[in-house]
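Text of start.txt (compact mmCIF, N, CA and C atoms) as supplied:
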```txt
# COMPACT_ATOMS: atom_id res chain seq x y z
N MET A 1047 121.39 156.00 54.14
CA MET A 1047 119.93 155.98 54.14
C MET A 1047 119.45 156.31 55.55
N SER A 1048 118.52 157.21 55.66
CA SER A 1048 118.02 157.59 56.98
C SER A 1048 116.77 156.80 57.31
N GLY A 1049 116.52 156.71 58.60
CA GLY A 1049 115.38 155.95 59.06
C GLY A 1049 114.15 156.82 59.19
N GLY A 1050 113.13 156.28 59.80
CA GLY A 1050 111.88 156.98 59.95
C GLY A 1050 111.89 157.97 61.11
N PRO A 1051 110.77 158.63 61.32
CA PRO A 1051 110.65 159.60 62.41
C PRO A 1051 110.95 158.94 63.76
N GLY A 1052 111.65 159.67 64.59
CA GLY A 1052 111.95 159.16 65.93
C GLY A 1052 113.18 158.29 66.00
N GLU A 1053 113.72 157.90 64.85
CA GLU A 1053 114.92 157.06 64.85
C GLU A 1053 116.13 157.93 65.17
N GLN A 1054 116.97 157.46 66.07
CA GLN A 1054 118.15 158.21 66.47
C GLN A 1054 119.30 157.93 65.52
N ALA A 1055 120.12 158.96 65.37
CA ALA A 1055 121.32 158.81 64.54
C ALA A 1055 122.29 157.89 65.27
N PRO A 1056 123.06 157.10 64.53
CA PRO A 1056 124.04 156.22 65.17
C PRO A 1056 125.09 157.04 65.92
N VAL A 1057 125.62 156.44 66.99
CA VAL A 1057 126.71 157.07 67.75
C VAL A 1057 127.86 156.08 67.82
N GLY A 1058 129.07 156.60 68.02
CA GLY A 1058 130.23 155.75 68.21
C GLY A 1058 130.26 155.23 69.64
N ILE A 1059 131.08 154.24 69.87
CA ILE A 1059 131.16 153.61 71.19
C ILE A 1059 131.65 154.58 72.26
N ASP A 1060 132.56 155.48 71.93
CA ASP A 1060 133.05 156.43 72.93
C ASP A 1060 131.93 157.35 73.40
N GLU A 1061 131.12 157.84 72.46
CA GLU A 1061 130.00 158.69 72.83
C GLU A 1061 128.96 157.90 73.61
N LEU A 1062 128.70 156.67 73.19
CA LEU A 1062 127.75 155.83 73.92
C LEU A 1062 128.22 155.61 75.35
N LEU A 1063 129.50 155.29 75.53
CA LEU A 1063 130.03 155.10 76.88
C LEU A 1063 129.88 156.37 77.72
N ASP A 1064 130.17 157.53 77.13
CA ASP A 1064 130.00 158.78 77.86
C ASP A 1064 128.56 158.95 78.32
N ARG A 1065 127.61 158.68 77.44
CA ARG A 1065 126.19 158.81 77.78
C ARG A 1065 125.79 157.84 78.89
N VAL A 1066 126.23 156.59 78.76
CA VAL A 1066 125.90 155.57 79.76
C VAL A 1066 126.47 155.96 81.12
N ARG A 1067 127.70 156.39 81.13
CA ARG A 1067 128.38 156.69 82.39
C ARG A 1067 127.80 157.90 83.10
N GLU A 1068 127.13 158.80 82.37
CA GLU A 1068 126.48 159.94 83.00
C GLU A 1068 125.42 159.48 84.00
N GLY A 1069 124.81 158.34 83.73
CA GLY A 1069 123.75 157.83 84.60
C GLY A 1069 124.22 156.85 85.66
N LEU A 1070 125.51 156.58 85.72
CA LEU A 1070 126.04 155.62 86.69
C LEU A 1070 126.84 156.33 87.77
N ASP A 1071 126.71 155.88 88.98
CA ASP A 1071 127.54 156.37 90.07
C ASP A 1071 128.73 155.41 90.17
N ARG A 1072 129.64 155.53 89.21
CA ARG A 1072 130.77 154.59 89.12
C ARG A 1072 131.64 154.69 90.36
N VAL A 1073 132.27 153.59 90.73
CA VAL A 1073 133.07 153.57 91.96
C VAL A 1073 134.53 153.26 91.65
N GLU A 1074 135.39 153.87 92.44
CA GLU A 1074 136.83 153.61 92.38
C GLU A 1074 137.11 152.32 93.17
N PRO A 1075 138.29 151.73 93.00
CA PRO A 1075 138.59 150.45 93.65
C PRO A 1075 138.37 150.41 95.16
N HIS A 1076 138.89 151.37 95.91
CA HIS A 1076 138.73 151.32 97.37
C HIS A 1076 137.26 151.49 97.78
N ALA A 1077 136.51 152.29 97.03
CA ALA A 1077 135.07 152.43 97.31
C ALA A 1077 134.34 151.13 97.01
N ALA A 1078 134.76 150.42 95.96
CA ALA A 1078 134.14 149.13 95.64
C ALA A 1078 134.43 148.12 96.75
N PHE A 1079 135.64 148.13 97.26
CA PHE A 1079 136.01 147.24 98.36
C PHE A 1079 135.14 147.52 99.58
N ALA A 1080 134.99 148.81 99.91
CA ALA A 1080 134.15 149.20 101.05
C ALA A 1080 132.69 148.82 100.81
N ALA A 1081 132.21 149.00 99.58
CA ALA A 1081 130.84 148.64 99.26
C ALA A 1081 130.61 147.15 99.46
N ALA A 1082 131.58 146.34 99.03
CA ALA A 1082 131.46 144.89 99.21
C ALA A 1082 131.41 144.53 100.69
N GLU A 1083 132.23 145.19 101.47
CA GLU A 1083 132.21 144.92 102.92
C GLU A 1083 130.88 145.33 103.54
N ALA A 1084 130.19 146.30 102.92
CA ALA A 1084 128.89 146.76 103.41
C ALA A 1084 127.73 145.98 102.80
N GLY A 1085 128.03 144.94 102.01
CA GLY A 1085 126.98 144.08 101.48
C GLY A 1085 126.73 144.15 99.99
N ALA A 1086 127.46 145.00 99.27
CA ALA A 1086 127.29 145.05 97.81
C ALA A 1086 127.82 143.76 97.19
N LEU A 1087 127.29 143.43 96.05
CA LEU A 1087 127.71 142.25 95.31
C LEU A 1087 128.66 142.67 94.21
N LEU A 1088 129.90 142.20 94.28
CA LEU A 1088 130.86 142.42 93.21
C LEU A 1088 130.66 141.30 92.19
N VAL A 1089 130.55 141.67 90.92
CA VAL A 1089 130.30 140.68 89.87
C VAL A 1089 131.39 140.82 88.80
N ASP A 1090 132.18 139.77 88.68
CA ASP A 1090 133.29 139.71 87.74
C ASP A 1090 132.81 139.11 86.43
N ILE A 1091 132.82 139.93 85.36
CA ILE A 1091 132.34 139.44 84.06
C ILE A 1091 133.48 139.17 83.09
N ARG A 1092 134.72 139.16 83.58
CA ARG A 1092 135.86 138.87 82.69
C ARG A 1092 135.79 137.43 82.20
N TYR A 1093 136.33 137.21 81.03
CA TYR A 1093 136.32 135.85 80.51
C TYR A 1093 137.40 135.01 81.18
N ALA A 1094 137.25 133.70 81.10
CA ALA A 1094 138.06 132.75 81.86
C ALA A 1094 139.56 132.95 81.68
N GLU A 1095 140.00 133.24 80.46
CA GLU A 1095 141.44 133.41 80.22
C GLU A 1095 142.02 134.54 81.07
N LEU A 1096 141.29 135.63 81.20
CA LEU A 1096 141.76 136.75 82.02
C LEU A 1096 141.74 136.40 83.50
N ARG A 1097 140.71 135.70 83.92
CA ARG A 1097 140.64 135.28 85.34
C ARG A 1097 141.78 134.33 85.65
N ASP A 1098 142.05 133.40 84.76
CA ASP A 1098 143.16 132.45 84.97
C ASP A 1098 144.50 133.16 84.99
N ARG A 1099 144.66 134.13 84.13
CA ARG A 1099 145.93 134.86 84.03
C ARG A 1099 146.18 135.77 85.23
N ASP A 1100 145.14 136.53 85.63
CA ASP A 1100 145.33 137.61 86.60
C ASP A 1100 144.80 137.32 88.00
N GLY A 1101 143.96 136.31 88.14
CA GLY A 1101 143.41 136.00 89.45
C GLY A 1101 141.98 136.49 89.62
N LEU A 1102 141.49 136.33 90.83
CA LEU A 1102 140.09 136.64 91.17
C LEU A 1102 140.03 137.60 92.34
N ILE A 1103 138.94 138.31 92.43
CA ILE A 1103 138.65 139.12 93.61
C ILE A 1103 137.92 138.22 94.59
N PRO A 1104 138.50 138.00 95.78
CA PRO A 1104 137.84 137.12 96.75
C PRO A 1104 136.42 137.59 97.05
N GLY A 1105 135.48 136.66 96.99
CA GLY A 1105 134.09 136.96 97.29
C GLY A 1105 133.27 137.45 96.13
N ALA A 1106 133.91 137.79 95.02
CA ALA A 1106 133.16 138.26 93.85
C ALA A 1106 132.44 137.10 93.18
N LEU A 1107 131.26 137.37 92.69
CA LEU A 1107 130.50 136.39 91.92
C LEU A 1107 131.00 136.44 90.48
N VAL A 1108 131.43 135.31 89.96
CA VAL A 1108 131.89 135.23 88.57
C VAL A 1108 130.71 134.85 87.69
N VAL A 1109 130.41 135.72 86.73
CA VAL A 1109 129.32 135.47 85.80
C VAL A 1109 129.81 135.89 84.42
N GLU A 1110 129.80 134.98 83.49
CA GLU A 1110 130.18 135.32 82.13
C GLU A 1110 129.24 136.42 81.62
N ARG A 1111 129.78 137.33 80.84
CA ARG A 1111 128.99 138.49 80.37
C ARG A 1111 127.72 138.06 79.65
N ASN A 1112 127.79 137.00 78.86
CA ASN A 1112 126.61 136.58 78.10
C ASN A 1112 125.52 135.96 78.97
N GLU A 1113 125.79 135.75 80.26
CA GLU A 1113 124.80 135.20 81.19
C GLU A 1113 124.35 136.21 82.24
N LEU A 1114 124.95 137.38 82.23
CA LEU A 1114 124.78 138.34 83.32
C LEU A 1114 123.32 138.65 83.64
N GLU A 1115 122.55 139.04 82.65
CA GLU A 1115 121.16 139.43 82.91
C GLU A 1115 120.34 138.27 83.44
N TRP A 1116 120.57 137.09 82.94
CA TRP A 1116 119.82 135.91 83.39
C TRP A 1116 120.18 135.55 84.83
N ARG A 1117 121.43 135.73 85.20
CA ARG A 1117 121.89 135.35 86.54
C ARG A 1117 121.54 136.38 87.60
N LEU A 1118 121.40 137.66 87.21
CA LEU A 1118 121.16 138.70 88.21
C LEU A 1118 119.74 139.23 88.25
N ASP A 1119 118.88 138.79 87.35
CA ASP A 1119 117.48 139.22 87.39
C ASP A 1119 116.80 138.55 88.58
N PRO A 1120 116.40 139.34 89.59
CA PRO A 1120 115.77 138.74 90.78
C PRO A 1120 114.50 137.96 90.47
N GLN A 1121 113.89 138.23 89.33
CA GLN A 1121 112.66 137.53 88.94
C GLN A 1121 112.93 136.39 87.97
N GLY A 1122 114.17 136.21 87.57
CA GLY A 1122 114.50 135.23 86.54
C GLY A 1122 114.56 133.81 87.04
N SER A 1123 114.25 132.90 86.17
CA SER A 1123 114.28 131.48 86.53
C SER A 1123 115.70 130.93 86.61
N HIS A 1124 116.68 131.64 86.09
CA HIS A 1124 118.07 131.19 86.11
C HIS A 1124 118.95 132.07 87.01
N ARG A 1125 118.31 132.78 87.92
CA ARG A 1125 119.06 133.72 88.76
C ARG A 1125 120.00 133.00 89.71
N ALA A 1126 121.07 133.72 90.04
CA ALA A 1126 122.00 133.24 91.07
C ALA A 1126 121.35 133.45 92.43
N VAL A 1127 121.75 132.67 93.42
CA VAL A 1127 121.17 132.83 94.75
C VAL A 1127 121.43 134.22 95.31
N GLU A 1128 122.49 134.87 94.85
CA GLU A 1128 122.82 136.21 95.32
C GLU A 1128 121.87 137.28 94.78
N ALA A 1129 121.14 136.98 93.73
CA ALA A 1129 120.23 137.94 93.10
C ALA A 1129 118.92 137.98 93.88
N THR A 1130 118.96 138.66 95.00
CA THR A 1130 117.85 138.62 95.95
C THR A 1130 116.81 139.71 95.78
N SER A 1131 117.19 140.84 95.15
CA SER A 1131 116.29 141.99 95.14
C SER A 1131 116.73 142.99 94.08
N HIS A 1132 115.78 143.78 93.61
CA HIS A 1132 116.11 144.88 92.71
C HIS A 1132 116.85 145.99 93.44
N ASP A 1133 116.83 145.97 94.77
CA ASP A 1133 117.55 146.96 95.57
C ASP A 1133 119.01 146.57 95.82
N LEU A 1134 119.41 145.41 95.38
CA LEU A 1134 120.77 144.95 95.58
C LEU A 1134 121.78 145.90 94.95
N ARG A 1135 122.79 146.28 95.71
CA ARG A 1135 123.89 147.09 95.17
C ARG A 1135 124.81 146.15 94.43
N VAL A 1136 125.00 146.37 93.14
CA VAL A 1136 125.83 145.52 92.29
C VAL A 1136 126.94 146.38 91.69
N VAL A 1137 128.17 145.90 91.80
CA VAL A 1137 129.30 146.55 91.15
C VAL A 1137 129.86 145.57 90.13
N VAL A 1138 129.70 145.90 88.85
CA VAL A 1138 130.15 145.03 87.77
C VAL A 1138 131.62 145.34 87.48
N ILE A 1139 132.40 144.28 87.29
CA ILE A 1139 133.83 144.42 87.06
C ILE A 1139 134.23 143.66 85.80
N CYS A 1140 134.82 144.40 84.87
CA CYS A 1140 135.42 143.78 83.68
C CYS A 1140 136.93 143.97 83.81
N ASN A 1141 137.66 143.83 82.76
CA ASN A 1141 139.11 143.92 82.86
C ASN A 1141 139.60 145.35 83.06
N GLU A 1142 139.06 146.31 82.28
CA GLU A 1142 139.56 147.67 82.35
C GLU A 1142 138.49 148.73 82.55
N GLY A 1143 137.23 148.32 82.75
CA GLY A 1143 136.18 149.28 83.07
C GLY A 1143 135.41 149.83 81.89
N TYR A 1144 135.40 149.13 80.78
CA TYR A 1144 134.62 149.57 79.62
C TYR A 1144 133.35 148.74 79.46
N ALA A 1145 133.50 147.45 79.25
CA ALA A 1145 132.34 146.57 79.07
C ALA A 1145 131.44 146.59 80.31
N SER A 1146 132.04 146.81 81.47
CA SER A 1146 131.25 146.82 82.71
C SER A 1146 130.27 147.97 82.75
N SER A 1147 130.58 149.10 82.13
CA SER A 1147 129.65 150.23 82.10
C SER A 1147 128.40 149.84 81.32
N LEU A 1148 128.58 149.23 80.17
CA LEU A 1148 127.44 148.79 79.37
C LEU A 1148 126.64 147.70 80.09
N ALA A 1149 127.35 146.81 80.79
CA ALA A 1149 126.67 145.75 81.54
C ALA A 1149 125.86 146.33 82.69
N ALA A 1150 126.40 147.34 83.37
CA ALA A 1150 125.66 147.97 84.48
C ALA A 1150 124.39 148.63 83.96
N LEU A 1151 124.47 149.28 82.80
CA LEU A 1151 123.28 149.87 82.20
C LEU A 1151 122.23 148.79 81.93
N SER A 1152 122.65 147.67 81.40
CA SER A 1152 121.72 146.58 81.11
C SER A 1152 121.03 146.10 82.39
N LEU A 1153 121.79 146.00 83.48
CA LEU A 1153 121.19 145.59 84.76
C LEU A 1153 120.20 146.63 85.26
N ARG A 1154 120.52 147.89 85.08
CA ARG A 1154 119.58 148.95 85.47
C ARG A 1154 118.29 148.84 84.67
N GLN A 1155 118.39 148.48 83.41
CA GLN A 1155 117.20 148.33 82.58
C GLN A 1155 116.33 147.17 83.06
N LEU A 1156 116.94 146.23 83.80
CA LEU A 1156 116.19 145.12 84.40
C LEU A 1156 115.59 145.52 85.75
N GLY A 1157 115.87 146.74 86.19
CA GLY A 1157 115.32 147.21 87.46
C GLY A 1157 116.30 147.20 88.61
N LEU A 1158 117.53 146.77 88.38
CA LEU A 1158 118.56 146.80 89.43
C LEU A 1158 119.13 148.21 89.48
N HIS A 1159 118.36 149.11 90.11
CA HIS A 1159 118.62 150.55 90.04
C HIS A 1159 119.89 150.99 90.75
N ARG A 1160 120.51 150.12 91.53
CA ARG A 1160 121.75 150.48 92.22
C ARG A 1160 122.98 149.85 91.56
N ALA A 1161 122.79 149.29 90.37
CA ALA A 1161 123.92 148.68 89.65
C ALA A 1161 124.85 149.77 89.13
N THR A 1162 126.13 149.50 89.20
CA THR A 1162 127.15 150.40 88.67
C THR A 1162 128.36 149.56 88.29
N ASP A 1163 129.48 150.23 88.03
CA ASP A 1163 130.67 149.48 87.67
C ASP A 1163 131.92 150.09 88.28
N LEU A 1164 133.00 149.35 88.17
CA LEU A 1164 134.28 149.73 88.76
C LEU A 1164 135.11 150.49 87.74
N VAL A 1165 135.47 151.72 88.08
CA VAL A 1165 136.33 152.54 87.23
C VAL A 1165 137.68 151.82 87.09
N GLY A 1166 138.09 151.56 85.86
CA GLY A 1166 139.38 150.91 85.62
C GLY A 1166 139.35 149.40 85.73
N GLY A 1167 138.22 148.83 86.12
CA GLY A 1167 138.05 147.39 86.16
C GLY A 1167 139.02 146.66 87.08
N PHE A 1168 139.17 145.37 86.80
CA PHE A 1168 140.03 144.52 87.61
C PHE A 1168 141.46 145.05 87.67
N GLN A 1169 141.94 145.59 86.57
CA GLN A 1169 143.32 146.08 86.54
C GLN A 1169 143.52 147.21 87.55
N ALA A 1170 142.53 148.08 87.71
CA ALA A 1170 142.62 149.15 88.70
C ALA A 1170 142.54 148.59 90.12
N TRP A 1171 141.70 147.58 90.31
CA TRP A 1171 141.59 146.91 91.61
C TRP A 1171 142.95 146.36 92.02
N LYS A 1172 143.56 145.63 91.10
CA LYS A 1172 144.86 145.01 91.36
C LYS A 1172 145.94 146.07 91.60
N ALA A 1173 145.95 147.13 90.79
CA ALA A 1173 146.94 148.20 90.92
C ALA A 1173 146.79 148.95 92.25
N ALA A 1174 145.57 148.95 92.80
CA ALA A 1174 145.32 149.62 94.09
C ALA A 1174 145.78 148.77 95.27
N GLY A 1175 146.26 147.55 94.98
CA GLY A 1175 146.75 146.67 96.05
C GLY A 1175 145.66 145.98 96.82
N LEU A 1176 144.46 145.91 96.24
CA LEU A 1176 143.35 145.24 96.91
C LEU A 1176 143.48 143.72 96.72
N PRO A 1177 142.79 142.93 97.55
CA PRO A 1177 142.98 141.47 97.54
C PRO A 1177 142.67 140.82 96.19
N VAL A 1178 143.57 139.93 95.81
CA VAL A 1178 143.41 139.09 94.61
C VAL A 1178 143.86 137.69 94.98
N SER A 1179 143.08 136.71 94.57
CA SER A 1179 143.47 135.32 94.83
C SER A 1179 143.68 134.60 93.51
N ARG A 1180 144.35 133.49 93.59
CA ARG A 1180 144.62 132.69 92.38
C ARG A 1180 143.68 131.54 92.31
```

If you took the structure in this file and wrote it as C-alpha cells, what would it be?
Amino acid sequence: MSGGPGEQAPVGIDELLDRVREGLDRVEPHAAFAAAEAGALLVDIRYAELRDRDGLIPGALVVERNELEWRLDPQGSHRAVEATSHDLRVVVICNEGYASSLAALSLRQLGLHRATDLVGGFQAWKAAGLPVSR
C-alpha cells in the first residue's frame, strides 16, 4: 500500500547509512585521537557488556545510546556538563562504526553541527593501537 503525496519510499539500512554518511565528515582513529587532544568530545555509546569486555577509551564520555540526545543537547535539562555548546566537536563511537553514524545524524538534527563518528568504531580504535583502559 502506498502512502500519500510527499511520502518517501522505504529504504534499507545500508542505503540509509550511505545517505547519512554523505553528510558526515567521519574520522579515522588517529584523527579522532588528535581531535580529542584538540578539545573534541569523544562519546562512547557502546553498551555496558562491550565496554566491560573490551575496555574504555580514556577521557571518553560514556553515554548509553538511548540517552545520547538528552545528555548532549546543550539546551536540555538532562545535559552532561560536557555539553557546553552547539559548536562542540563530538565524535560518536560505537563498537564497529554503524550505530554511531545514525547517532551523529541525530545530534546534528539537535543543532550539534560538528558531530560525526569514528570509522570502524571502538574496534578500529583498538586495532590502531590507541589507548584503551580497563

message: Could you tell me how far CA of Glu1113 (chain A) sits from atom N of Asp1133 (chain A), in Å to one decimal place?
response: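 That distance, rounded to one decimal, is 19.1 Å.
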
Among listed residues A:Leu1176, A:Val1165, A:Leu1088, A:Ala1150, nearest Val1073 (chain A) (using only N, CA and C atoms): A:Val1165

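Running DSSP on the backbone and keeping only strand (DSSP E), the residues of region 1050-1163 of chain A that qualify are Leu1087, Leu1088, Val1089, Asp1090, Leu1107, Val1108, Val1136, Val1137, Val1138, Ile1139, Thr1162 and Asp1163 of chain A.
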
- prompt: What does the distance from CA of His1132 (chain A) to atom N of Pro1120 (chain A) come to in Å, to one decimal?
  reply: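 A separation of 6.4 Å between them.
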
- prompt: Which is closest to Leu1114 (chain A) among A:Val1066, A:Ala1082, A:Leu1102, A:Ile1091, if we use all atoms listed in the file?
  reply: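 Using all atoms listed in the file, the shortest distance to Leu1114 (chain A) belongs to A:Ile1091.
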
Atom-to-atom span, atom N of Glu1061 (chain A) and atom N of Ala1170 (chain A), Å: 21.4 Å

query: What would the list of residues within 12 Å of (120.1, 143.8, 88.8) (file frame) look like as a count of residues only, if only C-alpha atoms are what count?
result: 40

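For the set A:Ala1173, A:Asp1090, A:Ala1055, A:Glu1095, the residue with the smallest atom-to-atom gap to Val1108 (chain A) is A:Asp1090, counting only N, CA and C atoms.
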
query: Which residue gives the smallest distance to Ala1078 (chain A) among A:Cys1140, A:Leu1062, A:Leu1148, A:Leu1164, with all atoms listed in the file counted?
result: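 Among the listed residues, A:Leu1164 lies closest to Ala1078 (chain A).
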
task: Would you mind listing what lies within 7 Å of Gly1143 (chain A) as a PyMOL selection string, with all atoms listed in the file counted and same-chain residues fewer than 6 positions away left out?
output: chain A and resi 1163-1169
